[in-house]
Amino acid sequence: MLKFLLIVKELEQQIDNHIYKEGDKLPSIRVLANQYNVNKSTIIRALNDLERRHLIYSVAKSGYYVVKSTIIPDYLVQGIIDFAASSPDSRVFPYVDFQHCVNKAIDTYKQDLFIYGTPQGLPSLLTIMQKQLANYQVFTKVSNIFIVSGVQQALSILASLPFPNGKRVILIEQPGYHLFIEHLVTYRVPVIGIQRTSRGINFEQLEEIFQTGDIKFFYTMPRFHNPLGSSYRTEEKKKIVSLANKYDVYIVEDDYLADLEYDTKADPMYAYDDNSHVIYLKSYSKIIFPGLRIGIAVIPDILVSVFTQYKRIQDIDSSMLSQGALEIYLKSSMFDRHKQKIKSSYDKRSKQLHEALKQQSTLNGDLFTFDVSVKCTVHTHIKLNEKLSANKVIARLKKKSIWIEPIDKHYLPSFPRDNLLKLNVSNVHLDDIENGVIELMNELRQIYEV
């Protein structure tokens with residue numbers, strides 16, 4: 001990373017962590033140059049970058065000051081500890097950077113952005129996406145990449161189109177992605193579930209279902225599963241791919257949190273597929289902001305034609321303006337800088353949640369179980385003692401301004417539910433996590449001892 005970007009990142013973190021508070025004056029250019037052992041022009045470049053993004057402002061003959069934040073989420077104003085929301089933290093949205101990219105896209109592409117595009121996507125963005133995907137160990141041709149209006153659109157298309165194996169039933173993990181479950185139930189798509197826990201999946205059961213279940217595709221979140229938070233190990237991913245190839249079952253791999261991965265050896269299932277049976281999906285909603293509505297689908301050659309047809313019928317193309325802005329954002333240093341910022345922010349909160357739950361599992365192991373071997377990401381889960389009602393716990397905590405979302409919607413209507421609580425930290429202040437967990441334990445204890 002360039003030296004000035006390292007300086008930008010460090011100063012930005014110091015502002016986020018309130019080392020430099022709103023209205024504080026930053027050290028002089030000379031002091032910063034000596035501190036970072038660089039020339040003044042490098043410091044000026046870094047400060048100009050921060051000023052352009054409205055994090056600091058300059059006063060003639062005085063210096064640089066931290067801007068007062070005008071974006072304060074409602075839950076902070078109201079004193080709420082929100083373990084329910086899974087959307088990205090609005091305080092780290094790249095508002096100013098992306099506004100610049102939108103304006104630049106309009107200047108660059110002019111009328112091309114305001115006419116219908118192609119079902120596959122903006123050609124110049126597809127080339128950028130190909131290079132981006134290679135960073136995730138997804139090596140593919142441009143002709144296999146589709147820009148979709150969020151992963152949800154790709155799932156909707158895949159659920160409805162015919163597959164080369166001639167099969168009809170979709171297999172999904174339970175619990176699983178609630179919006180896809182809702183889609184399948186609403187449109188009465190044939191679907192069955194298979195249990196997944198923090199320890200993984202039953203491979204004997206999986207093979208039996210693949211062999212006898214008329215399975216069109218298996219939808220899975222191998223990395224940072226929603227809502228469990230756990231990930232498959234490398235040998236598990238390889239085994240699932242092997243079974244899918246053996247029984248002619250396709251895999252739809254939702255890698256929605258790929259950008260939060262720290263383990264450079266954690267490759268997606270797509271990397272282990274030699275027979276074009278893995279369809280790879282990736283979203284930008286969790287790393288940039290949900291309103292962008294841009295995702296990627298990597299489609300095998302045999303499905304490209306029919307996927308194109310179904311996508312064209314559904315929406316002609318995804319937003320060309322969003323695609324143009326995203327291309328500029330990805331080509332610049334803005335995306336990498338933002339990704340590191342949000343990874344750092346989420347990693348601190350995730351570690352705090354993990355440590356708090358680990359400590360409480362030692363003190364209150366009779367109330368719940370928590371798999372300490374599973375690394376927390378933006379969400380994780382605990383399994384409650386059967387004497388405790390998850391919905392009752394949630395209702396009582398809400399009265400104390402602690403929000404937790406019921407897990408029921410993550411299950412098919414007919415599938416047996418585990419007694420789980422899902423905890424998200426993407427919208428919880430770092431300082432509130434431990435207090436929130438302690439208050440949760442207090443409520444569990446009171447209910448348990450009644």
# chains A, B, ... in the order shown; residues from 1 in each chain; ligands from 1

call {"tool": "closest_atom_pairs", "arguments": {"of": "segment 225-344 of chain A", "to": "segment 136-144 of chain A", "cutoff": "12 Å", "atoms": "only C-alpha atoms", "output": "CSV"}}
result
residue,atom,partner,partner_atom,distance
A:Glu253,CA,A:Val138,CA,11.6
A:Asp255,CA,A:Tyr136,CA,9.8
A:Tyr256,CA,A:Tyr136,CA,11.8
A:Leu257,CA,A:Tyr136,CA,11.2
A:Ala258,CA,A:Tyr136,CA,7.5
A:Asp259,CA,A:Tyr136,CA,8.7
A:Leu260,CA,A:Tyr136,CA,11.3
A:Glu261,CA,A:Tyr136,CA,9.7
A:Tyr262,CA,A:Tyr136,CA,11.6
A:Asp263,CA,A:Tyr136,CA,11.2
A:Thr264,CA,A:Tyr136,CA,9.0
A:Lys265,CA,A:Gln137,CA,9.7
A:Ala266,CA,A:Tyr136,CA,9.0
A:Asp267,CA,A:Gln137,CA,6.3
A:Pro268,CA,A:Gln137,CA,7.2
A:Met269,CA,A:Val138,CA,9.2
A:Tyr270,CA,A:Val138,CA,6.4
A:Ala271,CA,A:Gln137,CA,6.1
A:Tyr272,CA,A:Gln137,CA,9.8
A:Asp273,CA,A:Val138,CA,10.3
A:Asp274,CA,A:Phe139,CA,11.7
A:Ser276,CA,A:Thr140,CA,10.6
A:Val278,CA,A:Val138,CA,10.8
A:Ile279,CA,A:Asn144,CA,10.0
A:Tyr280,CA,A:Val138,CA,8.2
A:Leu281,CA,A:Val138,CA,10.4
A:Lys282,CA,A:Tyr136,CA,10.2
A:Ile296,CA,A:Asn144,CA,10.2
A:Ala297,CA,A:Asn144,CA,8.1
A:Val298,CA,A:Asn144,CA,5.5
A:Ile299,CA,A:Asn144,CA,5.2
A:Pro300,CA,A:Asn144,CA,6.4
A:Asp301,CA,A:Asn144,CA,6.6
A:Ile302,CA,A:Asn144,CA,9.9
A:Leu303,CA,A:Asn144,CA,9.2
A:Val304,CA,A:Asn144,CA,6.7
A:Ser305,CA,A:Asn144,CA,10.1
A:Phe307,CA,A:Asn144,CA,10.3
A:Thr308,CA,A:Asn144,CA,10.4

call {"tool": "select_by_dssp", "arguments": {"residues": "segment 110-337 of chain A", "states": "strand (DSSP E)", "output": "VMD selection string"}}
result
chain A and resid 145 to 148 169 to 174 191 to 197 200 to 201 215 to 220 250 to 254 278 to 283 295 to 298

call {"tool": "residues_around", "arguments": {"residues": "Pro227 of chain A", "least_positions_apart": "5", "cutoff": "10 Å", "atoms": "only C-alpha atoms", "output": "PyMOL selection string"}}
result
chain A and resi 86+174-178+221+378-381+407+410+420-424

call {"tool": "select_by_dssp", "arguments": {"residues": "segment 129-250 of chain A", "states": "alpha helix (DSSP H)", "output": "NGL selection string"}}
result
:A and (129-134 or 151-160 or 178-186 or 203-212 or 234-246)

call {"tool": "residues_around", "arguments": {"residues": "Arg53 of chain A", "least_positions_apart": "6", "cutoff": "10 Å", "atoms": "only C-alpha atoms", "output": "MDAnalysis selection string"}}
result
chainID A and resid 47 94:97 100

call {"tool": "write_last_selection", "arguments": {"atoms": "N, CA and C atoms", "output": "tab-separated table (two decimals), in the first residue's frame"}}
result
chain	number	residue	atom	x	y	z
A	47	LEU	N	-3.82	14.62	3.85
A	47	LEU	CA	-4.79	15.53	4.45
A	47	LEU	C	-5.82	16.00	3.42
A	94	PRO	N	-19.35	4.63	2.38
A	94	PRO	CA	-18.48	5.56	1.65
A	94	PRO	C	-19.29	6.58	0.87
A	95	TYR	N	-20.07	7.39	1.57
A	95	TYR	CA	-20.98	8.33	0.91
A	95	TYR	C	-20.26	9.24	-0.07
A	96	VAL	N	-19.26	9.95	0.43
A	96	VAL	CA	-18.61	10.98	-0.39
A	96	VAL	C	-17.83	10.36	-1.53
A	97	ASP	N	-17.09	9.29	-1.24
A	97	ASP	CA	-16.34	8.61	-2.30
A	97	ASP	C	-17.26	8.15	-3.42
A	100	HIS	N	-18.68	10.88	-5.59
A	100	HIS	CA	-17.67	11.27	-6.58
A	100	HIS	C	-17.69	10.30	-7.76

call {"tool": "closest_residue", "arguments": {"among": "A:Ile240, A:Asp49, A:Leu444, A:Asn435", "to": "Ile394 of chain A", "atoms": "only C-alpha atoms"}}
result
A:Leu444

call {"tool": "residues_around", "arguments": {"residues": "Asn103 of chain A", "least_positions_apart": "2", "cutoff": "12 Å", "atoms": "only C-alpha atoms", "output": "mmCIF file with N, CA and C atoms, in the first residue's frame"}}
result
data_model
loop_
_atom_site.group_PDB
_atom_site.id
_atom_site.type_symbol
_atom_site.label_atom_id
_atom_site.label_comp_id
_atom_site.auth_asym_id
_atom_site.auth_seq_id
_atom_site.Cartn_x
_atom_site.Cartn_y
_atom_site.Cartn_z
ATOM 1 N N VAL A 96 -19.261 9.949 0.430
ATOM 2 C CA VAL A 96 -18.615 10.981 -0.385
ATOM 3 C C VAL A 96 -17.834 10.358 -1.531
ATOM 4 N N ASP A 97 -17.091 9.288 -1.243
ATOM 5 C CA ASP A 97 -16.335 8.612 -2.298
ATOM 6 C C ASP A 97 -17.257 8.147 -3.421
ATOM 7 N N PHE A 98 -18.381 7.531 -3.043
ATOM 8 C CA PHE A 98 -19.249 6.980 -4.081
ATOM 9 C C PHE A 98 -19.997 8.079 -4.828
ATOM 10 N N GLN A 99 -20.291 9.173 -4.143
ATOM 11 C CA GLN A 99 -20.898 10.307 -4.829
ATOM 12 C C GLN A 99 -19.953 10.819 -5.918
ATOM 13 N N HIS A 100 -18.676 10.876 -5.591
ATOM 14 C CA HIS A 100 -17.668 11.272 -6.580
ATOM 15 C C HIS A 100 -17.686 10.304 -7.760
ATOM 16 N N CYS A 101 -17.801 9.006 -7.476
ATOM 17 C CA CYS A 101 -17.780 8.006 -8.544
ATOM 18 C C CYS A 101 -19.024 8.105 -9.430
ATOM 19 N N ALA A 105 -18.871 8.873 -13.272
ATOM 20 C CA ALA A 105 -19.464 7.933 -14.227
ATOM 21 C C ALA A 105 -20.351 8.670 -15.229
ATOM 22 N N ILE A 106 -21.116 9.648 -14.750
ATOM 23 C CA ILE A 106 -21.971 10.421 -15.643
ATOM 24 C C ILE A 106 -21.128 11.200 -16.653
ATOM 25 N N ASP A 107 -20.026 11.767 -16.186
ATOM 26 C CA ASP A 107 -19.141 12.515 -17.094
ATOM 27 C C ASP A 107 -18.457 11.590 -18.091
ATOM 28 N N THR A 108 -18.095 10.388 -17.620
ATOM 29 C CA THR A 108 -17.326 9.465 -18.455
ATOM 30 C C THR A 108 -18.188 8.785 -19.514
ATOM 31 N N TYR A 109 -19.354 8.291 -19.093
ATOM 32 C CA TYR A 109 -20.171 7.478 -19.996
ATOM 33 C C TYR A 109 -21.330 8.242 -20.625
ATOM 34 N N LYS A 110 -21.673 9.389 -20.050
ATOM 35 C CA LYS A 110 -22.744 10.245 -20.563
ATOM 36 C C LYS A 110 -23.993 9.441 -20.923
ATOM 37 N N LEU A 113 -25.121 5.544 -20.051
ATOM 38 C CA LEU A 113 -25.665 5.086 -18.770
ATOM 39 C C LEU A 113 -27.176 5.254 -18.687
ATOM 40 N N LEU A 321 -26.132 3.083 -14.215
ATOM 41 C CA LEU A 321 -25.465 4.141 -13.463
ATOM 42 C C LEU A 321 -24.699 3.548 -12.282
ATOM 43 N N SER A 322 -25.321 2.625 -11.565
ATOM 44 C CA SER A 322 -24.631 1.958 -10.449
ATOM 45 C C SER A 322 -23.420 1.189 -10.944
ATOM 46 N N GLY A 324 -21.596 1.800 -13.659
ATOM 47 C CA GLY A 324 -20.547 2.736 -14.047
ATOM 48 C C GLY A 324 -19.817 3.310 -12.840
ATOM 49 N N ALA A 325 -20.578 3.670 -11.809
ATOM 50 C CA ALA A 325 -19.973 4.207 -10.589
ATOM 51 C C ALA A 325 -19.131 3.149 -9.888
ATOM 52 N N LEU A 326 -19.636 1.908 -9.841
ATOM 53 C CA LEU A 326 -18.888 0.838 -9.193
ATOM 54 C C LEU A 326 -17.581 0.550 -9.926
ATOM 55 N N ILE A 328 -15.678 2.667 -11.538
ATOM 56 C CA ILE A 328 -14.717 3.711 -11.148
ATOM 57 C C ILE A 328 -14.249 3.500 -9.719
ATOM 58 N N TYR A 329 -15.160 3.104 -8.845
ATOM 59 C CA TYR A 329 -14.836 2.866 -7.433
ATOM 60 C C TYR A 329 -13.834 1.719 -7.292
#

call {"tool": "residues_around", "arguments": {"residues": "segment 401-405 of chain A", "least_positions_apart": "4", "cutoff": "9 Å", "atoms": "only C-alpha atoms", "output": "list of chain:residue names"}}
result
A:Gln78, A:Gly79, A:Ile80, A:Ile81, A:Asp82, A:Phe83, A:Ala84, A:Ala85, A:Asn391, A:Val393, A:Ile394, A:Ala395, A:Arg396, A:Leu397, A:Leu421, A:Lys422, A:Leu423, A:Asn424, A:Gly436, A:Glu439, A:Leu440

call {"tool": "residues_around", "arguments": {"residues": "Tyr57 of chain A", "least_positions_apart": "3", "cutoff": "8 Å", "atoms": "only C-alpha atoms", "output": "list in words"}}
result
Glu51, His54, Tyr64, Tyr65, Val66 and Val67 of chain A

call {"tool": "write_last_selection", "arguments": {"atoms": "N, CA and C atoms", "output": "short mmCIF file (atom, residue, chain, number, x, y, z; two decimals), in the first residue's frame"}}
result
data_model
loop_
_atom_site.label_atom_id
_atom_site.label_comp_id
_atom_site.auth_asym_id
_atom_site.auth_seq_id
_atom_site.Cartn_x
_atom_site.Cartn_y
_atom_site.Cartn_z
N GLU A 51 -9.79 15.58 3.66
CA GLU A 51 -10.64 16.76 3.54
C GLU A 51 -11.67 16.58 2.43
N HIS A 54 -14.59 14.87 3.62
CA HIS A 54 -15.29 15.59 4.68
C HIS A 54 -15.07 14.99 6.07
N TYR A 64 -5.66 21.93 10.40
CA TYR A 64 -6.73 21.02 10.02
C TYR A 64 -7.47 20.56 11.27
N TYR A 65 -8.81 20.48 11.15
CA TYR A 65 -9.66 20.11 12.27
C TYR A 65 -10.60 18.97 11.88
N VAL A 66 -11.02 18.18 12.88
CA VAL A 66 -11.93 17.06 12.64
C VAL A 66 -13.34 17.58 12.47
N VAL A 67 -14.01 17.12 11.41
CA VAL A 67 -15.38 17.55 11.12
C VAL A 67 -16.34 16.92 12.11
#

call {"tool": "closest_residue", "arguments": {"among": "A:Tyr346, A:Phe368, A:Tyr20, A:Phe146", "to": "Met441 of chain A", "atoms": "only C-alpha atoms"}}
result
A:Phe368

call {"tool": "closest_residue", "arguments": {"among": "A:Glu235, A:Glu182, A:Asp347, A:Asp248", "to": "Glu207 of chain A", "atoms": "only C-alpha atoms"}}
result
A:Asp248
